[in-house]
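Shown below: entry-v8.txt, with compact mmCIF, N, CA and C atoms.
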# COMPACT_ATOMS: atom_id res chain seq x y z
N MET A 175 -65.15 53.59 28.14
CA MET A 175 -64.91 52.53 27.18
C MET A 175 -65.17 51.17 27.84
N ALA A 176 -66.02 50.37 27.23
CA ALA A 176 -66.38 49.06 27.77
C ALA A 176 -65.26 48.06 27.50
N ARG A 177 -65.02 47.22 28.49
CA ARG A 177 -64.01 46.17 28.33
C ARG A 177 -64.61 45.03 27.54
N ILE A 178 -63.80 44.44 26.70
CA ILE A 178 -64.24 43.28 25.92
C ILE A 178 -64.29 42.08 26.86
N PRO A 179 -65.44 41.40 26.93
CA PRO A 179 -65.54 40.26 27.84
C PRO A 179 -64.72 39.07 27.35
N HIS A 180 -64.07 38.43 28.29
CA HIS A 180 -63.31 37.21 28.00
C HIS A 180 -64.10 36.03 28.53
N ILE A 181 -64.17 34.99 27.71
CA ILE A 181 -64.92 33.79 28.04
C ILE A 181 -63.95 32.61 28.00
N LEU A 182 -63.99 31.80 29.04
CA LEU A 182 -63.13 30.62 29.13
C LEU A 182 -63.98 29.38 28.87
N HIS A 183 -63.60 28.60 27.87
CA HIS A 183 -64.31 27.36 27.51
C HIS A 183 -63.40 26.18 27.82
N ILE A 184 -63.89 25.27 28.67
CA ILE A 184 -63.08 24.12 29.11
C ILE A 184 -63.75 22.84 28.62
N ASP A 185 -63.07 22.15 27.71
CA ASP A 185 -63.59 20.89 27.17
C ASP A 185 -62.40 20.09 26.67
N ASP A 186 -62.29 18.84 27.10
CA ASP A 186 -61.15 18.02 26.71
C ASP A 186 -61.24 17.50 25.28
N ASN A 187 -62.42 17.58 24.66
CA ASN A 187 -62.60 17.08 23.31
C ASN A 187 -62.25 18.19 22.30
N GLU A 188 -61.19 17.98 21.55
CA GLU A 188 -60.72 19.00 20.61
C GLU A 188 -61.78 19.34 19.57
N ASP A 189 -62.49 18.33 19.08
CA ASP A 189 -63.55 18.59 18.09
C ASP A 189 -64.65 19.46 18.69
N ASP A 190 -65.01 19.20 19.94
CA ASP A 190 -66.04 20.02 20.60
C ASP A 190 -65.56 21.45 20.80
N ARG A 191 -64.28 21.64 21.17
CA ARG A 191 -63.74 22.99 21.32
C ARG A 191 -63.74 23.73 19.98
N THR A 192 -63.37 23.04 18.91
CA THR A 192 -63.37 23.64 17.58
C THR A 192 -64.78 24.01 17.15
N LEU A 193 -65.71 23.11 17.35
CA LEU A 193 -67.11 23.36 17.00
C LEU A 193 -67.65 24.54 17.81
N PHE A 194 -67.34 24.58 19.10
CA PHE A 194 -67.78 25.67 19.95
C PHE A 194 -67.19 27.00 19.47
N ALA A 195 -65.92 27.01 19.12
CA ALA A 195 -65.27 28.24 18.64
C ALA A 195 -65.92 28.74 17.35
N ARG A 196 -66.25 27.82 16.45
CA ARG A 196 -66.92 28.21 15.20
C ARG A 196 -68.31 28.78 15.49
N ALA A 197 -69.04 28.11 16.36
CA ALA A 197 -70.38 28.59 16.71
C ALA A 197 -70.29 29.93 17.43
N PHE A 198 -69.29 30.09 18.29
CA PHE A 198 -69.08 31.36 19.00
C PHE A 198 -68.85 32.49 18.00
N ALA A 199 -68.01 32.24 17.00
CA ALA A 199 -67.72 33.25 15.99
C ALA A 199 -68.97 33.65 15.21
N ARG A 200 -69.87 32.71 15.01
CA ARG A 200 -71.09 32.98 14.24
C ARG A 200 -72.25 33.47 15.11
N SER A 201 -72.10 33.43 16.43
CA SER A 201 -73.20 33.74 17.34
C SER A 201 -73.48 35.23 17.49
N GLY A 202 -72.48 36.05 17.19
CA GLY A 202 -72.64 37.49 17.41
C GLY A 202 -72.48 37.88 18.87
N LEU A 203 -72.08 36.95 19.71
CA LEU A 203 -71.94 37.23 21.14
C LEU A 203 -70.88 38.29 21.41
N GLY A 204 -69.79 38.21 20.69
CA GLY A 204 -68.71 39.16 20.94
C GLY A 204 -67.85 38.71 22.10
N GLY A 205 -66.71 39.32 22.20
CA GLY A 205 -65.79 38.96 23.26
C GLY A 205 -64.66 38.11 22.74
N VAL A 206 -63.82 37.71 23.66
CA VAL A 206 -62.64 36.90 23.36
C VAL A 206 -62.83 35.52 23.97
N LEU A 207 -62.74 34.51 23.14
CA LEU A 207 -62.90 33.13 23.61
C LEU A 207 -61.54 32.48 23.78
N LYS A 208 -61.32 31.88 24.94
CA LYS A 208 -60.11 31.11 25.21
C LYS A 208 -60.55 29.69 25.51
N GLY A 209 -60.14 28.74 24.67
CA GLY A 209 -60.47 27.35 24.86
C GLY A 209 -59.30 26.58 25.43
N VAL A 210 -59.56 25.76 26.44
CA VAL A 210 -58.52 24.91 27.02
C VAL A 210 -59.05 23.49 27.14
N ALA A 211 -58.11 22.53 27.22
CA ALA A 211 -58.46 21.11 27.18
C ALA A 211 -58.58 20.45 28.55
N SER A 212 -58.24 21.16 29.62
CA SER A 212 -58.28 20.51 30.93
C SER A 212 -58.53 21.53 32.04
N ALA A 213 -58.94 21.01 33.17
CA ALA A 213 -59.13 21.85 34.35
C ALA A 213 -57.81 22.44 34.80
N GLU A 214 -56.74 21.67 34.65
CA GLU A 214 -55.42 22.16 35.05
C GLU A 214 -55.02 23.38 34.21
N GLU A 215 -55.26 23.31 32.89
CA GLU A 215 -54.98 24.47 32.03
C GLU A 215 -55.85 25.65 32.41
N ALA A 216 -57.09 25.37 32.74
CA ALA A 216 -58.02 26.44 33.15
C ALA A 216 -57.52 27.14 34.41
N LEU A 217 -56.98 26.38 35.35
CA LEU A 217 -56.46 26.98 36.58
C LEU A 217 -55.27 27.90 36.29
N VAL A 218 -54.43 27.52 35.33
CA VAL A 218 -53.32 28.38 34.93
C VAL A 218 -53.86 29.69 34.36
N VAL A 219 -54.87 29.58 33.50
CA VAL A 219 -55.49 30.78 32.92
C VAL A 219 -56.12 31.64 34.02
N LEU A 220 -56.88 31.02 34.91
CA LEU A 220 -57.57 31.77 35.95
C LEU A 220 -56.62 32.43 36.94
N ASN A 221 -55.50 31.77 37.23
CA ASN A 221 -54.54 32.33 38.17
C ASN A 221 -53.60 33.35 37.52
N ARG A 222 -53.62 33.41 36.19
CA ARG A 222 -52.86 34.41 35.41
C ARG A 222 -51.42 34.54 35.91
N THR A 223 -50.71 33.43 35.86
CA THR A 223 -49.32 33.45 36.30
C THR A 223 -48.38 33.35 35.10
N GLY A 224 -47.15 33.71 35.32
CA GLY A 224 -46.12 33.61 34.28
C GLY A 224 -46.50 34.39 33.04
N PRO A 225 -46.42 33.75 31.87
CA PRO A 225 -46.70 34.45 30.63
C PRO A 225 -48.17 34.87 30.48
N LEU A 226 -49.04 34.35 31.34
CA LEU A 226 -50.46 34.70 31.27
C LEU A 226 -50.84 35.82 32.24
N ALA A 227 -49.85 36.44 32.87
CA ALA A 227 -50.12 37.47 33.87
C ALA A 227 -50.95 38.63 33.33
N GLN A 228 -50.79 38.95 32.06
CA GLN A 228 -51.52 40.08 31.47
C GLN A 228 -52.88 39.69 30.91
N LEU A 229 -53.22 38.43 30.95
CA LEU A 229 -54.49 37.95 30.43
C LEU A 229 -55.65 38.50 31.25
N ALA A 230 -56.70 38.93 30.59
CA ALA A 230 -57.87 39.45 31.29
C ALA A 230 -58.59 38.32 32.02
N ARG A 231 -59.20 38.66 33.12
CA ARG A 231 -59.96 37.69 33.91
C ARG A 231 -61.24 37.33 33.15
N PRO A 232 -61.55 36.04 33.04
CA PRO A 232 -62.79 35.65 32.35
C PRO A 232 -64.02 36.20 33.07
N ARG A 233 -65.00 36.62 32.30
CA ARG A 233 -66.26 37.07 32.87
C ARG A 233 -67.31 35.97 32.80
N LEU A 234 -66.96 34.86 32.15
CA LEU A 234 -67.87 33.72 32.03
C LEU A 234 -67.03 32.48 31.78
N ILE A 235 -67.41 31.38 32.43
CA ILE A 235 -66.76 30.08 32.21
C ILE A 235 -67.79 29.11 31.68
N ILE A 236 -67.43 28.43 30.58
CA ILE A 236 -68.25 27.36 30.02
C ILE A 236 -67.50 26.06 30.31
N LEU A 237 -68.12 25.16 31.03
CA LEU A 237 -67.43 23.97 31.55
C LEU A 237 -68.10 22.68 31.14
N ASP A 238 -67.31 21.76 30.58
CA ASP A 238 -67.76 20.39 30.35
C ASP A 238 -67.43 19.60 31.60
N LEU A 239 -68.32 18.72 32.02
CA LEU A 239 -68.07 17.94 33.24
C LEU A 239 -67.11 16.78 33.04
N GLY A 240 -67.10 16.20 31.84
CA GLY A 240 -66.31 14.99 31.60
C GLY A 240 -64.87 15.28 31.26
N LEU A 241 -64.13 15.80 32.22
CA LEU A 241 -62.71 16.11 31.99
C LEU A 241 -61.83 15.04 32.61
N PRO A 242 -60.65 14.80 32.03
CA PRO A 242 -59.70 13.82 32.61
C PRO A 242 -58.99 14.41 33.83
N GLN A 243 -58.28 13.62 34.55
CA GLN A 243 -57.54 13.98 35.76
C GLN A 243 -58.43 14.75 36.73
N LEU A 244 -58.30 16.06 36.80
CA LEU A 244 -59.18 16.86 37.65
C LEU A 244 -60.49 17.03 36.89
N GLY A 245 -61.49 16.26 37.26
CA GLY A 245 -62.76 16.25 36.53
C GLY A 245 -63.53 17.56 36.69
N GLY A 246 -64.52 17.73 35.85
CA GLY A 246 -65.32 18.94 35.86
C GLY A 246 -66.03 19.18 37.18
N ARG A 247 -66.53 18.12 37.81
CA ARG A 247 -67.22 18.27 39.09
C ARG A 247 -66.26 18.75 40.17
N ASP A 248 -65.06 18.15 40.21
CA ASP A 248 -64.06 18.55 41.20
C ASP A 248 -63.55 19.97 40.92
N PHE A 249 -63.38 20.29 39.65
CA PHE A 249 -62.95 21.63 39.27
C PHE A 249 -63.99 22.66 39.72
N LEU A 250 -65.25 22.35 39.50
CA LEU A 250 -66.33 23.24 39.90
C LEU A 250 -66.32 23.44 41.42
N SER A 251 -66.17 22.35 42.17
CA SER A 251 -66.08 22.45 43.64
C SER A 251 -64.91 23.30 44.06
N LEU A 252 -63.77 23.11 43.41
CA LEU A 252 -62.58 23.89 43.72
C LEU A 252 -62.80 25.38 43.47
N LEU A 253 -63.37 25.71 42.32
CA LEU A 253 -63.62 27.12 42.02
C LEU A 253 -64.56 27.75 43.02
N ARG A 254 -65.61 27.04 43.37
CA ARG A 254 -66.60 27.61 44.28
C ARG A 254 -66.07 27.71 45.71
N SER A 255 -64.98 27.00 46.01
CA SER A 255 -64.38 27.10 47.35
C SER A 255 -63.39 28.26 47.44
N GLN A 256 -63.05 28.86 46.32
CA GLN A 256 -62.08 29.96 46.27
C GLN A 256 -62.83 31.29 46.16
N LEU A 257 -62.70 32.13 47.15
CA LEU A 257 -63.41 33.40 47.18
C LEU A 257 -63.17 34.22 45.91
N ARG A 258 -61.95 34.22 45.40
CA ARG A 258 -61.64 35.08 44.24
C ARG A 258 -62.31 34.62 42.95
N PHE A 259 -62.83 33.39 42.92
CA PHE A 259 -63.49 32.88 41.72
C PHE A 259 -65.01 32.74 41.88
N LYS A 260 -65.53 32.95 43.07
CA LYS A 260 -66.95 32.73 43.34
C LYS A 260 -67.86 33.60 42.49
N ASP A 261 -67.40 34.77 42.10
CA ASP A 261 -68.27 35.70 41.37
C ASP A 261 -68.27 35.49 39.86
N ILE A 262 -67.49 34.55 39.35
CA ILE A 262 -67.48 34.29 37.90
C ILE A 262 -68.63 33.34 37.59
N PRO A 263 -69.57 33.76 36.73
CA PRO A 263 -70.66 32.85 36.36
C PRO A 263 -70.11 31.64 35.61
N ILE A 264 -70.65 30.48 35.94
CA ILE A 264 -70.24 29.23 35.28
C ILE A 264 -71.46 28.57 34.66
N ILE A 265 -71.34 28.24 33.39
CA ILE A 265 -72.36 27.50 32.68
C ILE A 265 -71.79 26.12 32.38
N VAL A 266 -72.49 25.09 32.81
CA VAL A 266 -72.07 23.73 32.49
C VAL A 266 -72.72 23.36 31.17
N LEU A 267 -71.88 22.95 30.22
CA LEU A 267 -72.34 22.49 28.91
C LEU A 267 -71.82 21.06 28.78
N SER A 268 -72.71 20.11 29.00
CA SER A 268 -72.29 18.72 29.16
C SER A 268 -73.13 17.78 28.30
N GLY A 269 -72.60 16.63 28.07
CA GLY A 269 -73.36 15.58 27.39
C GLY A 269 -74.23 14.81 28.36
N SER A 270 -74.03 15.02 29.65
CA SER A 270 -74.76 14.28 30.67
C SER A 270 -76.13 14.90 30.95
N GLU A 271 -77.13 14.04 30.99
CA GLU A 271 -78.48 14.45 31.39
C GLU A 271 -78.81 13.89 32.77
N SER A 272 -77.81 13.45 33.49
CA SER A 272 -77.98 12.83 34.80
C SER A 272 -78.55 13.83 35.82
N TYR A 273 -79.59 13.43 36.51
CA TYR A 273 -80.18 14.27 37.55
C TYR A 273 -79.13 14.57 38.63
N ALA A 274 -78.32 13.58 38.98
CA ALA A 274 -77.29 13.78 40.01
C ALA A 274 -76.30 14.85 39.58
N ASP A 275 -75.89 14.84 38.31
CA ASP A 275 -74.97 15.87 37.81
C ASP A 275 -75.62 17.25 37.86
N ILE A 276 -76.86 17.33 37.42
CA ILE A 276 -77.57 18.61 37.41
C ILE A 276 -77.71 19.13 38.83
N GLN A 277 -78.10 18.27 39.76
CA GLN A 277 -78.28 18.69 41.15
C GLN A 277 -76.96 19.13 41.77
N HIS A 278 -75.90 18.37 41.53
CA HIS A 278 -74.58 18.72 42.07
C HIS A 278 -74.16 20.10 41.57
N CYS A 279 -74.37 20.36 40.29
CA CYS A 279 -73.99 21.65 39.72
C CYS A 279 -74.84 22.78 40.28
N ARG A 280 -76.11 22.53 40.46
CA ARG A 280 -76.98 23.55 41.08
C ARG A 280 -76.53 23.84 42.50
N ASP A 281 -76.17 22.81 43.23
CA ASP A 281 -75.70 23.00 44.61
C ASP A 281 -74.44 23.86 44.64
N LEU A 282 -73.66 23.79 43.57
CA LEU A 282 -72.43 24.59 43.48
C LEU A 282 -72.63 25.90 42.73
N GLN A 283 -73.87 26.29 42.58
CA GLN A 283 -74.26 27.60 42.07
C GLN A 283 -73.84 27.88 40.64
N VAL A 284 -73.97 26.88 39.76
CA VAL A 284 -73.81 27.19 38.34
C VAL A 284 -75.01 28.04 37.93
N VAL A 285 -74.80 28.91 36.96
CA VAL A 285 -75.91 29.77 36.53
C VAL A 285 -76.82 29.05 35.56
N GLU A 286 -76.27 28.06 34.83
CA GLU A 286 -77.08 27.24 33.93
C GLU A 286 -76.41 25.89 33.75
N TYR A 287 -77.25 24.87 33.59
CA TYR A 287 -76.78 23.53 33.24
C TYR A 287 -77.46 23.19 31.93
N LEU A 288 -76.66 23.00 30.88
CA LEU A 288 -77.20 22.77 29.55
C LEU A 288 -76.61 21.50 28.95
N VAL A 289 -77.45 20.75 28.27
CA VAL A 289 -76.97 19.58 27.54
C VAL A 289 -76.52 20.04 26.17
N LYS A 290 -75.36 19.55 25.74
CA LYS A 290 -74.79 19.96 24.46
C LYS A 290 -75.78 19.69 23.33
N PRO A 291 -76.08 20.71 22.54
CA PRO A 291 -76.96 20.48 21.40
C PRO A 291 -76.23 19.70 20.31
N THR A 292 -77.01 19.03 19.46
CA THR A 292 -76.40 18.23 18.40
C THR A 292 -76.30 18.97 17.07
N ALA A 293 -77.08 20.02 16.89
CA ALA A 293 -77.08 20.77 15.63
C ALA A 293 -76.34 22.08 15.79
N MET A 294 -75.60 22.48 14.75
CA MET A 294 -74.80 23.70 14.79
C MET A 294 -75.68 24.93 15.03
N ASP A 295 -76.82 25.02 14.37
CA ASP A 295 -77.67 26.21 14.55
C ASP A 295 -78.19 26.31 15.98
N GLU A 296 -78.42 25.17 16.63
CA GLU A 296 -78.84 25.18 18.03
C GLU A 296 -77.71 25.66 18.93
N LEU A 297 -76.48 25.24 18.64
CA LEU A 297 -75.33 25.67 19.42
C LEU A 297 -75.10 27.17 19.25
N ILE A 298 -75.23 27.67 18.04
CA ILE A 298 -75.07 29.11 17.79
C ILE A 298 -76.09 29.90 18.59
N ALA A 299 -77.35 29.48 18.55
CA ALA A 299 -78.40 30.17 19.30
C ALA A 299 -78.15 30.09 20.81
N LEU A 300 -77.69 28.94 21.26
CA LEU A 300 -77.39 28.76 22.68
C LEU A 300 -76.29 29.73 23.12
N ILE A 301 -75.23 29.81 22.35
CA ILE A 301 -74.12 30.70 22.69
C ILE A 301 -74.59 32.16 22.66
N ALA A 302 -75.39 32.53 21.69
CA ALA A 302 -75.91 33.89 21.62
C ALA A 302 -76.70 34.25 22.89
N SER A 303 -77.35 33.25 23.48
CA SER A 303 -78.14 33.50 24.69
C SER A 303 -77.28 33.79 25.92
N PHE A 304 -75.98 33.54 25.83
CA PHE A 304 -75.09 33.78 26.97
C PHE A 304 -74.86 35.27 27.22
N ASP A 305 -75.36 36.13 26.33
CA ASP A 305 -75.11 37.56 26.48
C ASP A 305 -75.61 38.08 27.82
N ARG A 306 -76.65 37.49 28.38
CA ARG A 306 -77.17 37.98 29.66
C ARG A 306 -76.17 37.80 30.80
N TRP A 307 -75.18 36.94 30.62
CA TRP A 307 -74.16 36.74 31.65
C TRP A 307 -72.98 37.69 31.45
N LEU A 308 -72.95 38.38 30.32
CA LEU A 308 -71.85 39.29 30.03
C LEU A 308 -72.25 40.75 30.18
N VAL A 309 -73.53 41.02 30.34
CA VAL A 309 -73.99 42.39 30.54
C VAL A 309 -74.33 42.57 32.02
N GLY A 310 -74.42 43.79 32.42
CA GLY A 310 -74.73 44.07 33.83
C GLY A 310 -73.93 45.25 34.30
N SER A 311 -73.42 45.16 35.48
CA SER A 311 -72.69 46.27 36.06
C SER A 311 -71.35 46.48 35.37
N SER A 312 -70.70 47.54 35.73
CA SER A 312 -69.40 47.86 35.14
C SER A 312 -68.34 46.82 35.48
N THR A 313 -68.61 46.01 36.49
CA THR A 313 -67.66 44.94 36.84
C THR A 313 -67.87 43.71 35.97
N GLY A 314 -68.93 43.73 35.16
CA GLY A 314 -69.20 42.59 34.30
C GLY A 314 -69.99 41.51 34.97
N MET A 315 -70.53 41.79 36.15
CA MET A 315 -71.32 40.79 36.84
C MET A 315 -72.65 40.60 36.12
N PRO A 316 -73.18 39.41 36.13
CA PRO A 316 -74.43 39.15 35.42
C PRO A 316 -75.59 39.91 36.04
N ALA A 317 -76.57 40.19 35.22
CA ALA A 317 -77.76 40.89 35.68
C ALA A 317 -78.71 39.93 36.37
N SER A 318 -78.56 38.64 36.17
CA SER A 318 -79.45 37.64 36.74
C SER A 318 -78.74 36.88 37.87
N LYS A 319 -79.51 36.06 38.56
CA LYS A 319 -78.96 35.26 39.65
C LYS A 319 -78.79 33.80 39.21
N PRO A 320 -77.93 33.03 39.91
CA PRO A 320 -77.78 31.61 39.58
C PRO A 320 -79.08 30.85 39.77
N LEU A 321 -79.13 29.67 39.19
CA LEU A 321 -80.28 28.80 39.35
C LEU A 321 -80.46 28.45 40.82
N PRO A 322 -81.68 28.43 41.32
CA PRO A 322 -81.88 28.01 42.71
C PRO A 322 -81.76 26.49 42.82
N PRO A 323 -81.38 25.99 43.98
CA PRO A 323 -81.34 24.53 44.16
C PRO A 323 -82.74 23.96 44.00
N THR A 324 -82.82 22.75 43.46
CA THR A 324 -84.12 22.11 43.33
C THR A 324 -84.47 21.47 44.67
N PRO A 325 -85.77 21.45 45.00
CA PRO A 325 -86.17 20.86 46.30
C PRO A 325 -85.97 19.37 46.34

What do you get writing this file as structure tokens?
Amino acid sequence: MARIPHILHIDDNEDDRTLFARAFARSGLGGVLKGVASAEEALVVLNRTGPLAQLARPRLIILDLGLPQLGGRDFLSLLRSQLRFKDIPIIVLSGSESYADIQHCRDLQVVEYLVKPTAMDELIALIASFDRWLVGSSTGMPASKPLPPTP
């Protein structure tokens, strides 16, 4: 019996989280989506402590860079410094088209860096494309490799 993949979506903008959840539901991707508003909330989910102890480990993280307090860049660095989280694929979905942001994320081994689409049908198609990160071995590891650093 295959385990249902859990996806963690981190975005401080409530409207963006709601829009993402609607697009996720219409994408046909499948799985369980957990949306949180901050990196701090995401760490609670990832560490599965207290009432979240029974929560399944996410098989994919969707991260916005523009987070308050512990920003997305720092959160990404923190995750990649922790051995127990290194194997979770991370997709950055950001409003930033900054080369520095893209390069920083590539250096930290994100599997994709995507600029948030403006149309709902584009977001639905984008989310549907995430299936390649949810299929693979029985451990749920992606079949593909992260983006290589740019020269």

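The shortest atom-to-atom distance to A:Leu250, with only C-alpha atoms taken into account, belongs to A:Leu282 out of A:Arg233, A:Phe194, A:Leu282, A:Leu267.
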
**OP:** Please run DSSP on the backbone and report, as a PyMOL selection string, all residues within stretch 196-270 of chain A that come out as strand (DSSP E or B).
**Re:** chain A and resi 206-210+234-237+264-268

**OP:** Write down as an NGL selection string the residues of stretch 220-271 of chain A whose backbone DSSP state falls under alpha helix (DSSP H).
**Re:** :A and (220-221 or 246-255)

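Every protein or nucleic acid residue with an atom no more than 8 Å from A:Leu239, counting only C-alpha atoms and leaving out same-chain residues fewer than 5 positions away, appears here: Gly245, Gly246, Arg247, Val266, Leu267 and Ser268 of chain A.
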
**OP:** Would you mind listing what lies within 7 Å of stretch 200-203 of chain A as JSON, numbers by chain, with all atoms listed in the file counted and same-chain residues fewer than 5 positions away left out?
**Re:** {"A": [195, 298, 299, 301, 302, 305]}

**OP:** Work out how far atom N of A:Met294 is from atom CA of A:Thr192, in Å to one decimal.
**Re:** 12.6 Å

For A:Pro179, work out the shell of residues within 8 Å, counting only N, CA and C atoms and skipping chain neighbours fewer than 6 positions away, then give it as a PDB file with N, CA and C atoms, keeping the file's coordinate frame.
ATOM      1  N   GLY A 204     -69.790  38.210  20.690  1.00  0.00           N
ATOM      2  CA  GLY A 204     -68.710  39.160  20.940  1.00  0.00           C
ATOM      3  C   GLY A 204     -67.850  38.710  22.100  1.00  0.00           C
ATOM      4  N   GLY A 205     -66.710  39.320  22.200  1.00  0.00           N
ATOM      5  CA  GLY A 205     -65.790  38.960  23.260  1.00  0.00           C
ATOM      6  C   GLY A 205     -64.660  38.110  22.740  1.00  0.00           C
ATOM      7  N   VAL A 206     -63.820  37.710  23.660  1.00  0.00           N
ATOM      8  CA  VAL A 206     -62.640  36.900  23.360  1.00  0.00           C
ATOM      9  C   VAL A 206     -62.830  35.520  23.970  1.00  0.00           C
ATOM     10  N   LEU A 207     -62.740  34.510  23.140  1.00  0.00           N
ATOM     11  CA  LEU A 207     -62.900  33.130  23.610  1.00  0.00           C
ATOM     12  C   LEU A 207     -61.540  32.480  23.780  1.00  0.00           C
ATOM     13  N   ALA A 230     -56.700  38.930  30.590  1.00  0.00           N
ATOM     14  CA  ALA A 230     -57.870  39.450  31.290  1.00  0.00           C
ATOM     15  C   ALA A 230     -58.590  38.320  32.020  1.00  0.00           C
ATOM     16  N   ARG A 231     -59.200  38.660  33.120  1.00  0.00           N
ATOM     17  CA  ARG A 231     -59.960  37.690  33.910  1.00  0.00           C
ATOM     18  C   ARG A 231     -61.240  37.330  33.150  1.00  0.00           C
ATOM     19  N   PRO A 232     -61.550  36.040  33.040  1.00  0.00           N
ATOM     20  CA  PRO A 232     -62.790  35.650  32.350  1.00  0.00           C
ATOM     21  C   PRO A 232     -64.020  36.200  33.070  1.00  0.00           C
ATOM     22  N   ARG A 233     -65.000  36.620  32.300  1.00  0.00           N
ATOM     23  CA  ARG A 233     -66.260  37.070  32.870  1.00  0.00           C
ATOM     24  C   ARG A 233     -67.310  35.970  32.800  1.00  0.00           C
ATOM     25  N   LEU A 234     -66.960  34.860  32.150  1.00  0.00           N
ATOM     26  CA  LEU A 234     -67.870  33.720  32.030  1.00  0.00           C
ATOM     27  C   LEU A 234     -67.030  32.480  31.780  1.00  0.00           C
ATOM     28  N   LEU A 308     -72.950  38.380  30.320  1.00  0.00           N
ATOM     29  CA  LEU A 308     -71.850  39.290  30.030  1.00  0.00           C
ATOM     30  C   LEU A 308     -72.250  40.750  30.180  1.00  0.00           C
ATOM     31  N   GLY A 314     -68.930  43.730  35.160  1.00  0.00           N
ATOM     32  CA  GLY A 314     -69.200  42.590  34.300  1.00  0.00           C
ATOM     33  C   GLY A 314     -69.990  41.510  34.970  1.00  0.00           C
TER      34      GLY A 314
END

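Atom CA of A:Pro242 sits 7.0 Å away from atom CA of A:Ser212.
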
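Across the model, the gap from atom CA of A:Arg196 to atom CA of A:Leu229 is 21.9 Å.
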
Original post:
Pick the closest to A:Tyr287 from A:Arg254, A:Phe198, A:Asp238, A:Phe259: which is it, counting only C-alpha atoms?
Top reply: A:Asp238

**OP:** Determine, counting only C-alpha atoms, every residue of protein, DNA or RNA that lies within 10 Å of (-63.7, 24.9, 28.5) in the file coordinates, then give the result as an MDAnalysis selection string.
**Re:** chainID A and resid 181:187 190:191 194 207:213 215:216 235:239 241 246 265:267

Hey, can you spit out that residue selection with N, CA and C atoms as a compact mmCIF listing (two decimals), in the frame of the given file?
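What landed in selection-v8.txt:
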# COMPACT_ATOMS: atom_id res chain seq x y z
N ILE A 181 -64.17 34.99 27.71
CA ILE A 181 -64.92 33.79 28.04
C ILE A 181 -63.95 32.61 28.00
N LEU A 182 -63.99 31.80 29.04
CA LEU A 182 -63.13 30.62 29.13
C LEU A 182 -63.98 29.38 28.87
N HIS A 183 -63.60 28.60 27.87
CA HIS A 183 -64.31 27.36 27.51
C HIS A 183 -63.40 26.18 27.82
N ILE A 184 -63.89 25.27 28.67
CA ILE A 184 -63.08 24.12 29.11
C ILE A 184 -63.75 22.84 28.62
N ASP A 185 -63.07 22.15 27.71
CA ASP A 185 -63.59 20.89 27.17
C ASP A 185 -62.40 20.09 26.67
N ASP A 186 -62.29 18.84 27.10
CA ASP A 186 -61.15 18.02 26.71
C ASP A 186 -61.24 17.50 25.28
N ASN A 187 -62.42 17.58 24.66
CA ASN A 187 -62.60 17.08 23.31
C ASN A 187 -62.25 18.19 22.30
N ASP A 190 -65.01 19.20 19.94
CA ASP A 190 -66.04 20.02 20.60
C ASP A 190 -65.56 21.45 20.80
N ARG A 191 -64.28 21.64 21.17
CA ARG A 191 -63.74 22.99 21.32
C ARG A 191 -63.74 23.73 19.98
N PHE A 194 -67.34 24.58 19.10
CA PHE A 194 -67.78 25.67 19.95
C PHE A 194 -67.19 27.00 19.47
N LEU A 207 -62.74 34.51 23.14
CA LEU A 207 -62.90 33.13 23.61
C LEU A 207 -61.54 32.48 23.78
N LYS A 208 -61.32 31.88 24.94
CA LYS A 208 -60.11 31.11 25.21
C LYS A 208 -60.55 29.69 25.51
N GLY A 209 -60.14 28.74 24.67
CA GLY A 209 -60.47 27.35 24.86
C GLY A 209 -59.30 26.58 25.43
N VAL A 210 -59.56 25.76 26.44
CA VAL A 210 -58.52 24.91 27.02
C VAL A 210 -59.05 23.49 27.14
N ALA A 211 -58.11 22.53 27.22
CA ALA A 211 -58.46 21.11 27.18
C ALA A 211 -58.58 20.45 28.55
N SER A 212 -58.24 21.16 29.62
CA SER A 212 -58.28 20.51 30.93
C SER A 212 -58.53 21.53 32.04
N ALA A 213 -58.94 21.01 33.17
CA ALA A 213 -59.13 21.85 34.35
C ALA A 213 -57.81 22.44 34.80
N GLU A 215 -55.26 23.31 32.89
CA GLU A 215 -54.98 24.47 32.03
C GLU A 215 -55.85 25.65 32.41
N ALA A 216 -57.09 25.37 32.74
CA ALA A 216 -58.02 26.44 33.15
C ALA A 216 -57.52 27.14 34.41
N ILE A 235 -67.41 31.38 32.43
CA ILE A 235 -66.76 30.08 32.21
C ILE A 235 -67.79 29.11 31.68
N ILE A 236 -67.43 28.43 30.58
CA ILE A 236 -68.25 27.36 30.02
C ILE A 236 -67.50 26.06 30.31
N LEU A 237 -68.12 25.16 31.03
CA LEU A 237 -67.43 23.97 31.55
C LEU A 237 -68.10 22.68 31.14
N ASP A 238 -67.31 21.76 30.58
CA ASP A 238 -67.76 20.39 30.35
C ASP A 238 -67.43 19.60 31.60
N LEU A 239 -68.32 18.72 32.02
CA LEU A 239 -68.07 17.94 33.24
C LEU A 239 -67.11 16.78 33.04
N LEU A 241 -64.13 15.80 32.22
CA LEU A 241 -62.71 16.11 31.99
C LEU A 241 -61.83 15.04 32.61
N GLY A 246 -64.52 17.73 35.85
CA GLY A 246 -65.32 18.94 35.86
C GLY A 246 -66.03 19.18 37.18
N ILE A 265 -71.34 28.24 33.39
CA ILE A 265 -72.36 27.50 32.68
C ILE A 265 -71.79 26.12 32.38
N VAL A 266 -72.49 25.09 32.81
CA VAL A 266 -72.07 23.73 32.49
C VAL A 266 -72.72 23.36 31.17
N LEU A 267 -71.88 22.95 30.22
CA LEU A 267 -72.34 22.49 28.91
C LEU A 267 -71.82 21.06 28.78

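Closest approach to A:Pro263 among A:Ala199, A:Leu217, A:Val285, A:Cys279 is made by A:Val285 (distances from all atoms listed in the file).
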